[in-house]
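Printed here is upload.csv (CSV, C-alpha atoms):
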chain,number,residue,atom,x,y,z
U,446,MET,CA,5.9,117.4,234.3
U,447,LEU,CA,7.1,116.9,230.8
U,448,LYS,CA,9.6,114.3,232.0
U,449,SER,CA,6.9,112.4,233.8
U,450,PHE,CA,4.8,112.3,230.7
U,451,LEU,CA,7.7,111.1,228.6
U,452,SER,CA,8.5,108.4,231.1
U,453,ILE,CA,4.9,107.2,230.9
U,454,SER,CA,4.9,107.1,227.1
U,455,ARG,CA,8.3,105.4,227.0
U,456,ARG,CA,7.3,102.7,229.5
U,457,PRO,CA,8.2,99.4,228.0
U,458,LEU,CA,5.4,97.0,227.1
U,459,ILE,CA,5.3,93.9,229.2
U,460,VAL,CA,4.4,91.0,227.0
U,461,ARG,CA,4.0,87.6,228.5
U,462,PRO,CA,3.7,84.7,226.2
U,463,LEU,CA,1.1,82.2,227.3
U,464,CYS,CA,2.1,79.1,225.4
U,465,LYS,CA,4.3,78.1,222.5
U,466,GLU,CA,1.4,77.5,220.2
U,467,GLY,CA,1.1,81.2,219.6
U,468,SER,CA,-2.7,81.4,219.3
U,469,ALA,CA,-2.9,83.7,222.3
U,470,LEU,CA,0.3,85.7,222.5
U,471,PHE,CA,-0.2,87.4,225.8
U,472,LYS,CA,-2.8,87.3,228.4
U,473,VAL,CA,-5.8,89.2,227.1
U,474,SER,CA,-8.8,89.4,229.3
U,475,ARG,CA,-11.9,88.6,227.2
U,476,HIS,CA,-13.8,91.5,228.7
U,477,TYR,CA,-13.1,95.2,228.4
U,478,ARG,CA,-11.7,94.8,225.0
U,479,SER,CA,-12.1,97.4,222.2
U,480,PHE,CA,-10.8,95.4,219.3
U,481,PRO,CA,-12.5,92.4,217.7
U,482,LYS,CA,-12.5,89.1,219.6
U,483,ASP,CA,-10.3,87.0,217.4
U,484,PHE,CA,-7.9,89.8,216.5
U,485,LEU,CA,-4.6,88.1,217.2
U,486,LYS,CA,-5.6,84.6,216.2
U,487,PRO,CA,-4.6,83.4,212.8
U,488,LYS,CA,-7.8,82.5,210.9
U,489,LYS,CA,-6.8,79.1,209.7
U,490,GLU,CA,-6.5,77.7,213.2
U,491,ILE,CA,-10.0,78.5,214.1
U,492,GLN,CA,-12.2,75.4,214.0
U,493,GLU,CA,-16.0,75.7,213.9
U,494,ILE,CA,-18.7,73.2,213.8
U,495,VAL,CA,-20.8,74.2,210.8
U,496,PRO,CA,-24.3,72.8,211.1
U,497,SER,CA,-25.6,70.9,208.2
U,498,PRO,CA,-28.5,72.3,206.2
U,499,GLU,CA,-30.9,69.8,207.8
U,500,GLU,CA,-29.8,70.8,211.2
U,501,GLU,CA,-30.1,74.5,210.3
U,502,LYS,CA,-33.6,74.0,209.1
U,503,ILE,CA,-34.6,72.3,212.4
U,504,LEU,CA,-33.0,75.2,214.3
U,505,THR,CA,-34.8,77.9,212.3
U,506,ASN,CA,-38.2,76.1,212.5
U,507,ASP,CA,-37.7,75.9,216.3
U,508,ILE,CA,-37.0,79.6,216.6
U,509,ILE,CA,-39.8,80.7,214.3
U,510,GLY,CA,-42.2,78.3,216.1
U,511,LYS,CA,-41.3,80.0,219.4
U,512,VAL,CA,-42.0,83.5,217.9
U,513,ASN,CA,-45.3,82.3,216.3
U,514,LYS,CA,-46.4,80.9,219.6
U,515,GLN,CA,-46.1,84.4,221.1
U,516,ILE,CA,-47.8,86.0,218.2
U,517,ILE,CA,-50.8,83.6,218.2
U,518,SER,CA,-51.3,83.9,222.0
U,519,GLN,CA,-50.5,87.6,222.0
U,520,THR,CA,-48.1,87.2,224.9
U,521,HIS,CA,-45.5,89.4,223.4
U,522,GLY,CA,-45.7,92.7,225.3
U,523,ARG,CA,-45.4,96.1,223.9
U,524,LEU,CA,-44.1,96.1,220.3
U,525,PHE,CA,-41.8,98.6,218.7
U,526,ALA,CA,-41.4,99.3,215.0
U,527,VAL,CA,-38.9,101.0,212.8
U,528,LEU,CA,-40.8,103.1,210.3
U,529,PHE,CA,-39.5,104.7,207.1
U,530,VAL,CA,-41.0,108.2,207.1
U,531,ASN,CA,-39.8,111.0,204.9
U,532,GLU,CA,-36.6,109.2,203.9
U,533,ARG,CA,-35.5,108.5,207.4
U,534,GLN,CA,-35.9,105.7,209.8
U,535,ARG,CA,-37.7,106.2,213.1
U,536,MET,CA,-38.0,103.7,216.0
U,537,VAL,CA,-41.4,104.0,217.4
U,538,THR,CA,-43.7,102.3,220.0
U,539,THR,CA,-47.4,102.9,220.6
U,540,GLU,CA,-48.4,106.2,222.1
U,541,ASP,CA,-45.4,108.0,220.7
U,542,LEU,CA,-45.4,111.4,219.1
U,543,LEU,CA,-43.7,111.9,215.8
U,544,VAL,CA,-43.0,115.2,214.0
U,545,ILE,CA,-42.9,115.5,210.2
U,546,ARG,CA,-41.3,118.6,208.8
U,547,GLU,CA,-42.4,118.3,205.2
U,548,GLU,CA,-45.7,118.8,203.3
U,549,PHE,CA,-48.1,116.2,204.5
U,550,ALA,CA,-51.6,115.8,203.0
U,551,PRO,CA,-53.7,114.3,205.8
U,552,THR,CA,-55.4,116.8,208.2
U,553,ALA,CA,-56.0,116.7,211.9
U,554,GLY,CA,-58.0,113.8,213.1
U,555,ASP,CA,-57.2,111.5,210.2
U,556,LYS,CA,-56.0,108.0,210.7
U,557,ILE,CA,-53.2,106.7,208.5
U,558,ARG,CA,-51.7,103.3,208.1
U,559,MET,CA,-47.9,103.4,207.9
U,560,GLU,CA,-47.0,100.8,205.3
U,561,LYS,CA,-43.2,101.1,205.2
U,562,VAL,CA,-42.2,99.1,208.2
U,563,MET,CA,-38.6,98.0,208.3
U,564,ALA,CA,-38.5,96.1,211.6
U,565,VAL,CA,-40.9,95.0,214.4
U,566,GLY,CA,-39.9,93.6,217.7
U,567,GLY,CA,-41.1,92.7,221.2
U,568,SER,CA,-39.1,92.0,224.3
U,569,ASP,CA,-37.9,88.6,223.1
U,570,PHE,CA,-37.7,88.8,219.4
U,571,THR,CA,-37.2,91.2,216.4
U,572,LEU,CA,-38.4,90.7,212.8
U,573,PHE,CA,-36.3,92.5,210.2
U,574,GLY,CA,-37.5,93.2,206.7
U,575,ARG,CA,-35.4,93.0,203.6
U,576,PRO,CA,-35.8,96.0,203.4
U,577,LEU,CA,-39.5,96.1,204.2
U,578,LEU,CA,-41.7,93.7,206.0
U,579,PRO,CA,-44.7,92.3,204.1
U,580,LYS,CA,-47.8,94.4,204.5
U,581,ASP,CA,-50.0,91.7,205.9
U,582,LEU,CA,-47.6,90.8,208.7
U,583,VAL,CA,-47.6,94.1,210.5
U,584,TYR,CA,-50.2,96.8,211.1
U,585,VAL,CA,-49.0,100.2,212.2
U,586,GLU,CA,-51.6,103.0,212.6
U,587,ALA,CA,-51.1,106.7,213.3
U,588,THR,CA,-53.5,109.6,214.0
U,589,VAL,CA,-52.7,113.1,213.0
U,590,VAL,CA,-53.0,115.1,216.2
U,591,GLU,CA,-51.9,118.6,215.1
U,592,LYS,CA,-50.9,120.6,212.0
U,593,THR,CA,-49.1,123.9,212.5
U,594,LEU,CA,-46.1,125.7,211.4
U,595,PHE,CA,-42.6,125.6,212.9
U,596,ALA,CA,-41.0,128.6,214.6
U,597,THR,CA,-39.6,131.1,212.3
U,598,GLU,CA,-36.3,130.1,210.8
U,599,VAL,CA,-33.7,132.4,209.3
U,600,MET,CA,-32.4,131.5,205.9
U,601,TYR,CA,-28.8,132.7,205.7
U,602,ARG,CA,-26.9,133.3,202.5
U,603,TYR,CA,-23.3,134.0,202.2
U,604,ALA,CA,-22.4,137.7,201.5
U,605,SER,CA,-26.0,138.9,201.3
U,606,LYS,CA,-27.4,141.8,203.1
U,607,ARG,CA,-30.9,140.5,203.0
U,608,LEU,CA,-32.3,137.9,205.4
U,609,ASN,CA,-35.1,135.6,204.4
U,610,PHE,CA,-37.5,133.9,206.8
U,611,ARG,CA,-39.6,130.8,206.6
U,612,ARG,CA,-42.0,128.7,208.6
U,613,PRO,CA,-42.1,125.1,207.3
U,614,GLU,CA,-45.1,122.8,207.9
U,615,LEU,CA,-45.2,120.8,211.0
U,616,THR,CA,-47.5,117.7,211.6
U,617,VAL,CA,-47.6,115.8,214.8
U,618,LEU,CA,-48.5,112.1,214.5
U,619,ARG,CA,-49.5,109.8,217.4
U,620,ILE,CA,-48.8,106.1,216.9
U,621,SER,CA,-52.0,104.6,218.0
U,622,ASP,CA,-51.5,100.9,217.1
U,623,ILE,CA,-48.8,98.4,216.3
U,624,ARG,CA,-49.9,94.8,215.9
U,625,LEU,CA,-48.8,91.6,214.3
U,626,ASP,CA,-51.7,90.1,212.4
U,627,TYR,CA,-50.3,86.8,211.1
U,628,PRO,CA,-47.7,84.4,212.3
U,629,VAL,CA,-44.4,84.4,210.5
U,630,ASN,CA,-44.2,82.3,207.3
U,631,GLU,CA,-48.0,81.7,207.4
U,632,LEU,CA,-49.1,84.7,205.4
U,633,PRO,CA,-52.0,84.5,202.9
U,634,SER,CA,-51.0,83.4,199.4
U,635,VAL,CA,-51.7,86.8,197.8
U,636,GLU,CA,-50.2,89.7,199.8
U,637,GLY,CA,-51.5,93.2,200.2
U,638,VAL,CA,-55.1,92.5,199.1
U,639,GLU,CA,-56.9,92.3,202.4
U,640,GLY,CA,-59.3,95.1,203.1
U,641,ARG,CA,-59.4,96.4,199.5
U,642,THR,CA,-62.2,96.4,197.0
U,643,PHE,CA,-61.7,95.9,193.2
K,536,MET,CA,-29.2,135.0,214.9
K,537,SER,CA,-27.9,131.6,215.7
K,538,THR,CA,-30.2,128.9,217.0
K,539,ARG,CA,-28.6,129.2,220.5
K,540,CYS,CA,-29.4,132.9,220.5
K,541,ARG,CA,-33.0,132.2,219.4
K,542,ILE,CA,-33.4,129.6,222.2
K,543,MET,CA,-32.2,132.1,224.7
K,544,PHE,CA,-34.7,134.8,223.7
K,545,TRP,CA,-37.8,132.8,222.5
K,546,GLY,CA,-37.3,129.6,224.4
K,547,CYS,CA,-37.4,126.0,223.4
K,548,SER,CA,-39.6,123.0,224.0
K,549,TYR,CA,-40.2,119.4,223.3
K,550,VAL,CA,-43.1,117.9,221.3
K,551,LYS,CA,-46.2,117.8,223.3
K,552,THR,CA,-50.0,117.7,223.0
K,553,PRO,CA,-52.6,118.9,225.4
K,554,LEU,CA,-54.3,116.3,227.5
K,555,GLN,CA,-52.5,113.4,225.7
K,556,ASN,CA,-54.6,114.0,222.7
K,557,GLY,CA,-54.8,111.1,220.2
K,558,ILE,CA,-54.6,108.3,222.8
K,559,GLY,CA,-58.0,106.5,222.5
K,560,ARG,CA,-59.4,109.1,220.1
K,561,TYR,CA,-58.7,112.5,218.6
K,562,VAL,CA,-60.3,115.4,220.4
K,563,PRO,CA,-60.6,118.6,218.3
K,564,GLN,CA,-59.0,121.5,220.1
K,565,LEU,CA,-60.6,124.5,218.4
K,566,GLN,CA,-63.7,125.6,220.4
K,567,ARG,CA,-64.7,129.0,219.1
K,568,ILE,CA,-63.8,131.2,216.1
K,569,THR,CA,-64.9,134.8,215.6
K,570,PHE,CA,-64.9,136.7,212.3
K,571,LYS,CA,-64.6,140.4,212.9
K,572,PHE,CA,-65.1,142.6,209.8
K,573,CYS,CA,-66.5,145.8,208.4
K,574,LYS,CA,-69.6,145.7,206.2
K,575,SER,CA,-68.5,148.5,203.9
K,576,SER,CA,-64.7,148.9,203.8
K,577,GLY,CA,-62.6,147.3,201.0
K,578,SER,CA,-60.0,145.8,203.4
K,579,SER,CA,-62.6,143.3,204.6
K,580,HIS,CA,-63.9,142.4,201.1
K,581,GLY,CA,-62.3,138.9,201.2
K,582,ILE,CA,-63.6,138.0,204.6
K,583,ARG,CA,-67.1,139.1,203.5
K,584,GLN,CA,-66.8,136.8,200.5
K,585,PHE,CA,-65.7,133.9,202.7
K,586,ILE,CA,-68.7,134.4,205.0
K,587,GLU,CA,-71.1,134.5,202.1
K,588,GLN,CA,-69.7,131.4,200.3
K,589,ASN,CA,-67.7,129.1,202.5
K,590,LEU,CA,-68.8,129.7,206.1
K,591,LEU,CA,-71.8,127.4,206.1
K,592,ASN,CA,-69.8,124.5,204.7
K,593,PHE,CA,-67.2,125.1,207.4
K,594,THR,CA,-69.8,124.9,210.1
K,595,LYS,CA,-71.4,121.8,208.7
K,596,GLU,CA,-68.0,120.0,208.5
K,597,ASN,CA,-67.0,121.1,212.1
K,598,PRO,CA,-70.0,120.9,214.4
K,599,HIS,CA,-67.8,121.2,217.5
K,600,VAL,CA,-66.8,124.7,216.6
K,601,VAL,CA,-68.8,127.7,217.8
K,602,VAL,CA,-68.7,130.4,215.0
K,603,TYR,CA,-69.3,134.1,215.8
K,604,VAL,CA,-69.7,136.7,213.1
K,605,LYS,CA,-69.1,140.2,214.4
K,606,PRO,CA,-69.5,143.2,212.1
K,607,ARG,CA,-68.0,146.4,213.4
K,608,ARG,CA,-67.7,149.8,211.6
K,609,LYS,CA,-64.4,151.1,210.2
K,610,ARG,CA,-62.1,148.6,211.9
K,611,ALA,CA,-59.6,146.1,210.4
K,612,PRO,CA,-60.8,142.6,209.9
K,613,CYS,CA,-59.4,139.7,211.9
K,614,LEU,CA,-59.9,136.1,213.0
K,615,LYS,CA,-59.7,135.0,216.6
K,616,ALA,CA,-59.6,131.4,217.6
K,617,GLU,CA,-60.1,130.1,221.2
K,618,TYR,CA,-59.0,126.6,222.2
K,619,LEU,CA,-59.9,123.9,224.7
K,620,ASN,CA,-57.0,124.8,227.0
K,621,GLY,CA,-57.9,128.5,227.2
K,622,ALA,CA,-55.3,129.7,224.7
K,623,SER,CA,-56.3,132.0,221.9
K,624,GLU,CA,-54.8,132.9,218.5
K,625,TYR,CA,-55.2,136.1,216.6
K,626,VAL,CA,-54.8,136.5,212.8
K,627,GLY,CA,-55.1,139.9,211.1
K,628,ALA,CA,-57.0,139.6,207.9
K,629,HIS,CA,-56.4,143.0,206.5
K,630,LYS,CA,-56.8,143.1,202.6
K,631,MET,CA,-56.8,139.3,202.5
K,632,SER,CA,-58.4,137.4,199.6
K,633,LYS,CA,-61.0,134.6,200.2
K,634,GLU,CA,-58.5,131.9,199.5
K,635,ASP,CA,-56.0,133.3,202.0
K,636,ILE,CA,-58.7,133.5,204.7
K,637,SER,CA,-59.8,129.9,204.1
K,638,LYS,CA,-56.2,128.8,204.4
K,639,TRP,CA,-55.8,130.7,207.7
K,640,VAL,CA,-59.1,129.2,209.0
K,641,GLU,CA,-57.8,125.8,208.2
K,642,PHE,CA,-54.6,126.6,210.0
K,643,LEU,CA,-56.5,127.7,213.1
K,644,ARG,CA,-58.7,124.6,213.0
K,645,THR,CA,-55.9,122.0,212.9
K,646,LYS,CA,-53.8,123.8,215.5
K,647,SER,CA,-53.8,122.8,219.1
K,648,GLY,CA,-54.0,125.4,221.9
K,649,ASP,CA,-50.4,124.7,223.0
K,650,THR,CA,-48.6,127.2,220.9
K,651,THR,CA,-45.6,125.5,219.3
K,652,THR,CA,-43.9,128.7,218.1
K,653,LYS,CA,-41.0,127.7,220.2
K,654,PHE,CA,-37.9,126.0,218.8
K,655,LEU,CA,-38.3,122.2,218.9
K,656,LEU,CA,-35.3,120.4,220.5
K,657,LYS,CA,-36.5,117.0,219.4
K,658,ARG,CA,-39.0,115.8,216.8
K,659,HIS,CA,-39.9,112.6,218.7
K,660,HIS,CA,-41.3,111.8,222.1
K,661,THR,CA,-41.6,108.5,223.9
K,662,ASP,CA,-42.5,107.4,227.3
K,663,PHE,CA,-40.9,104.0,226.6
K,664,PRO,CA,-37.4,104.6,225.4
K,665,SER,CA,-36.4,101.0,225.3
K,666,ILE,CA,-38.3,97.7,225.1
K,667,GLN,CA,-35.5,95.1,224.9
K,668,GLY,CA,-33.5,96.9,227.7
K,669,THR,CA,-30.9,99.7,227.4
K,670,TRP,CA,-27.4,98.8,226.5
K,671,THR,CA,-24.8,98.8,229.3
K,672,ALA,CA,-21.1,98.0,229.3
K,673,PHE,CA,-22.0,94.6,230.8
K,674,THR,CA,-24.6,93.4,228.3
K,675,HIS,CA,-23.5,90.1,226.5
K,676,LYS,CA,-20.5,89.9,228.8
K,677,ASP,CA,-19.2,87.0,230.9
K,678,PRO,CA,-20.7,87.4,234.4
K,679,LYS,CA,-17.3,86.3,235.8
K,680,ILE,CA,-16.4,90.0,236.1
K,681,ASN,CA,-18.9,90.4,239.0
K,682,VAL,CA,-16.9,88.0,241.1
K,683,THR,CA,-13.3,89.1,240.3
K,684,GLN,CA,-11.4,90.9,243.0
K,685,LEU,CA,-10.0,94.3,242.0
K,686,PRO,CA,-7.3,95.4,241.4
K,687,ASN,CA,-6.6,92.6,239.0
K,688,GLU,CA,-3.4,92.3,237.0
K,689,GLU,CA,-5.1,90.9,233.9
K,690,LEU,CA,-7.6,93.6,233.7
K,691,SER,CA,-5.3,96.5,234.5
K,692,GLU,CA,-2.8,95.5,231.8
K,693,PHE,CA,-1.9,98.1,229.2
K,694,ARG,CA,-3.2,97.2,225.8
K,695,LEU,CA,-3.2,98.9,222.5
K,696,PRO,CA,-6.1,98.8,220.1
K,697,GLU,CA,-3.7,97.5,217.4
K,698,PRO,CA,-0.8,95.1,217.8
K,699,SER,CA,2.5,96.9,218.1
K,700,GLY,CA,5.7,96.1,216.2
K,701,THR,CA,7.1,94.0,219.1
K,702,GLU,CA,3.9,92.0,219.2
K,703,GLU,CA,3.9,91.3,215.5
K,704,LEU,CA,7.6,90.2,215.7
K,705,LEU,CA,6.8,87.9,218.6
K,706,ASP,CA,3.9,86.4,216.6
K,707,ILE,CA,6.2,85.7,213.7
K,708,TYR,CA,8.7,84.2,216.1
K,709,TRP,CA,6.2,81.8,217.7
K,710,ARG,CA,4.9,80.7,214.3
K,711,GLN,CA,8.4,79.9,213.2
K,712,GLN,CA,9.0,77.9,216.3
K,713,ARG,CA,5.8,76.0,215.8
K,714,GLN,CA,6.7,75.2,212.2
K,715,LYS,CA,10.0,73.9,213.3
K,716,GLU,CA,8.4,71.6,215.8
K,717,GLN,CA,6.0,70.3,213.2
K,718,ASN,CA,8.9,69.6,210.8
K,719,ARG,CA,10.7,67.7,213.5
K,720,ASP,CA,7.7,65.6,214.2
K,721,GLU,CA,7.3,64.8,210.5
K,722,GLU,CA,10.9,63.8,210.2
K,723,ASN,CA,10.7,61.5,213.2
Write-out of the structure in structure tokens:
Amino acid sequence: MLKSFLSISRRPLIVRPLCKEGSALFKVSRHYRSFPKDFLKPKKEIQEIVPSPEEEKILTNDIIGKVNKQIISQTHGRLFAVLFVNERQRMVTTEDLLVIREEFAPTAGDKIRMEKVMAVGGSDFTLFGRPLLPKDLVYVEATVVEKTLFATEVMYRYASKRLNFRRPELTVLRISDIRLDYPVNELPSVEGVEGRTF
Amino acid sequence: MSTRCRIMFWGCSYVKTPLQNGIGRYVPQLQRITFKFCKSSGSSHGIRQFIEQNLLNFTKENPHVVVYVKPRRKRAPCLKAEYLNGASEYVGAHKMSKEDISKWVEFLRTKSGDTTTKFLLKRHHTDFPSIQGTWTAFTHKDPKINVTQLPNEELSEFRLPEPSGTEELLDIYWRQQRQKEQNRDEEN
């Protein structure tokens, strides 16, 4: 057995040079590869066509236009959003259940607007915030369905004879609505004012 | 007791709500709450105070809840809540203050009938796990793989994640050769 393993490990590598130019040393199939794509290629030899700023502008406008068309006609299907809740990110769609483990003021039946939205996407596009999306762009609503306590947890301490128990707060949220109100880059001039009285 | 042991004895569950509560609108789950107490004993002093001062406000705020007040002689006070799905919850209120009882009443009001005293395996539930499609090994890959006949020599080749010593040496060798050729061309 051992010998057979050794023989496998000592099997010589068969390296077949493809061409003299040395860019691709041996035949490497482009699929099933675990290391980066241009791993063996020297970087200087790579030639790319860098689009000019004007061309880039045209490209971005084209893409944003396509997204805006979907937003205006509401043809994007179900939306998902990445929320920032209790210092962690949660990917969420409508009719989802979320559990929060910390103290949470709203009671059962309350409707909350989730303001920290990091990303929103449909089947064809995703909008990423840097780090958060503007408030007028996205509207994410959640209803508090339940407020209870967790199952009893044991708080261990090293080298102590006494055990402490606790039951932290548990709130269940249901995501009731995710919608895109405005098209991208066409937000109102003053943000975060809509729906508020001064 | 480790979590595994706890799961074995007390069971575990995922997040759930009765009757898909919250879709469309929120349906309050508490249906009936009974306050059982003694009129004279000191142990039910707090619950008597709660009934005198806070109970009417509670009923006004929650018209969907049926409130029973049940005095009984020389027995320990308690709260009993009954829910929409038939489940019931019992809280002993022996020697509790008024504030404590109002807290427990609030706890019973916001709870749903599904007792979540079990260990939660996940804190998130979706019916739609992916919207842009789940990732597979063939996403963003050349569809040429579908047509290739297996076994294939190219695909079954042994490869290391990093270049080995021989490969690096060969790379240097080919570069040198290439430079020599360029130099020759320049001379000519």
Could you give me, as CSV, every chain U residue with an atom at most 6 Å from chain K, plus its closest atom pair and distance in Å to one decimal, counting all atoms listed in the file, rows ordered by chain then number?
residue,atom,partner,partner_atom,distance
U:Gly467,CA,K:Trp709,CA,5.5
U:Phe480,CA,K:Pro696,CA,5.9
U:Asp541,CA,K:Thr661,CA,5.0
U:Leu542,CA,K:His660,CA,5.1
U:Leu543,CA,K:His659,CA,4.8
U:Val544,CA,K:Arg658,CA,4.9
U:Ala553,CA,K:Thr645,CA,5.4
U:Gly554,CA,K:Tyr561,CA,5.7
U:Ser568,CA,K:Gln667,CA,4.8
U:Val590,CA,K:Gly557,CA,5.9
U:Glu591,CA,K:Lys646,CA,5.6
U:Lys592,CA,K:Thr645,CA,5.3
U:Thr593,CA,K:Lys646,CA,5.6
U:Ala596,CA,K:Thr652,CA,4.5
With C-alpha atoms retained, export the selected residues as a JSON list (two decimals), in the frame of the given file.
[["chain", "number", "residue", "atom", "x", "y", "z"],
["U", 467, "GLY", "CA", 1.10, 81.20, 219.60],
["U", 480, "PHE", "CA", -10.80, 95.40, 219.30],
["U", 541, "ASP", "CA", -45.40, 108.00, 220.70],
["U", 542, "LEU", "CA", -45.40, 111.40, 219.10],
["U", 543, "LEU", "CA", -43.70, 111.90, 215.80],
["U", 544, "VAL", "CA", -43.00, 115.20, 214.00],
["U", 553, "ALA", "CA", -56.00, 116.70, 211.90],
["U", 554, "GLY", "CA", -58.00, 113.80, 213.10],
["U", 568, "SER", "CA", -39.10, 92.00, 224.30],
["U", 590, "VAL", "CA", -53.00, 115.10, 216.20],
["U", 591, "GLU", "CA", -51.90, 118.60, 215.10],
["U", 592, "LYS", "CA", -50.90, 120.60, 212.00],
["U", 593, "THR", "CA", -49.10, 123.90, 212.50],
["U", 596, "ALA", "CA", -41.00, 128.60, 214.60]]
I'd like the interatomic distance between atom CA of Glu540 of chain U and atom CA of Thr616 of chain U, to a tenth of an Å.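 Result for atom CA of Glu540 of chain U versus atom CA of Thr616 of chain U: 15.6 Å, one decimal.
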Kindly indicate which residue among K:Lys633, K:Lys571, K:His580, K:Lys595 lies nearest to Leu614 of chain K, using only C-alpha atoms for the distances.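 Closest to Leu614 of chain K, using only C-alpha atoms: K:Lys571.
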Between atom CA of Arg610 of chain K and atom CA of Ser576 of chain K, what is the distance in Å, rounded to a tenth?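 Calculated distance between atom CA of Arg610 of chain K and atom CA of Ser576 of chain K is 8.5 Å.
If you look at atom CA of Trp639 of chain K and atom CA of Leu554 of chain K, they are 24.5 Å away from each other.
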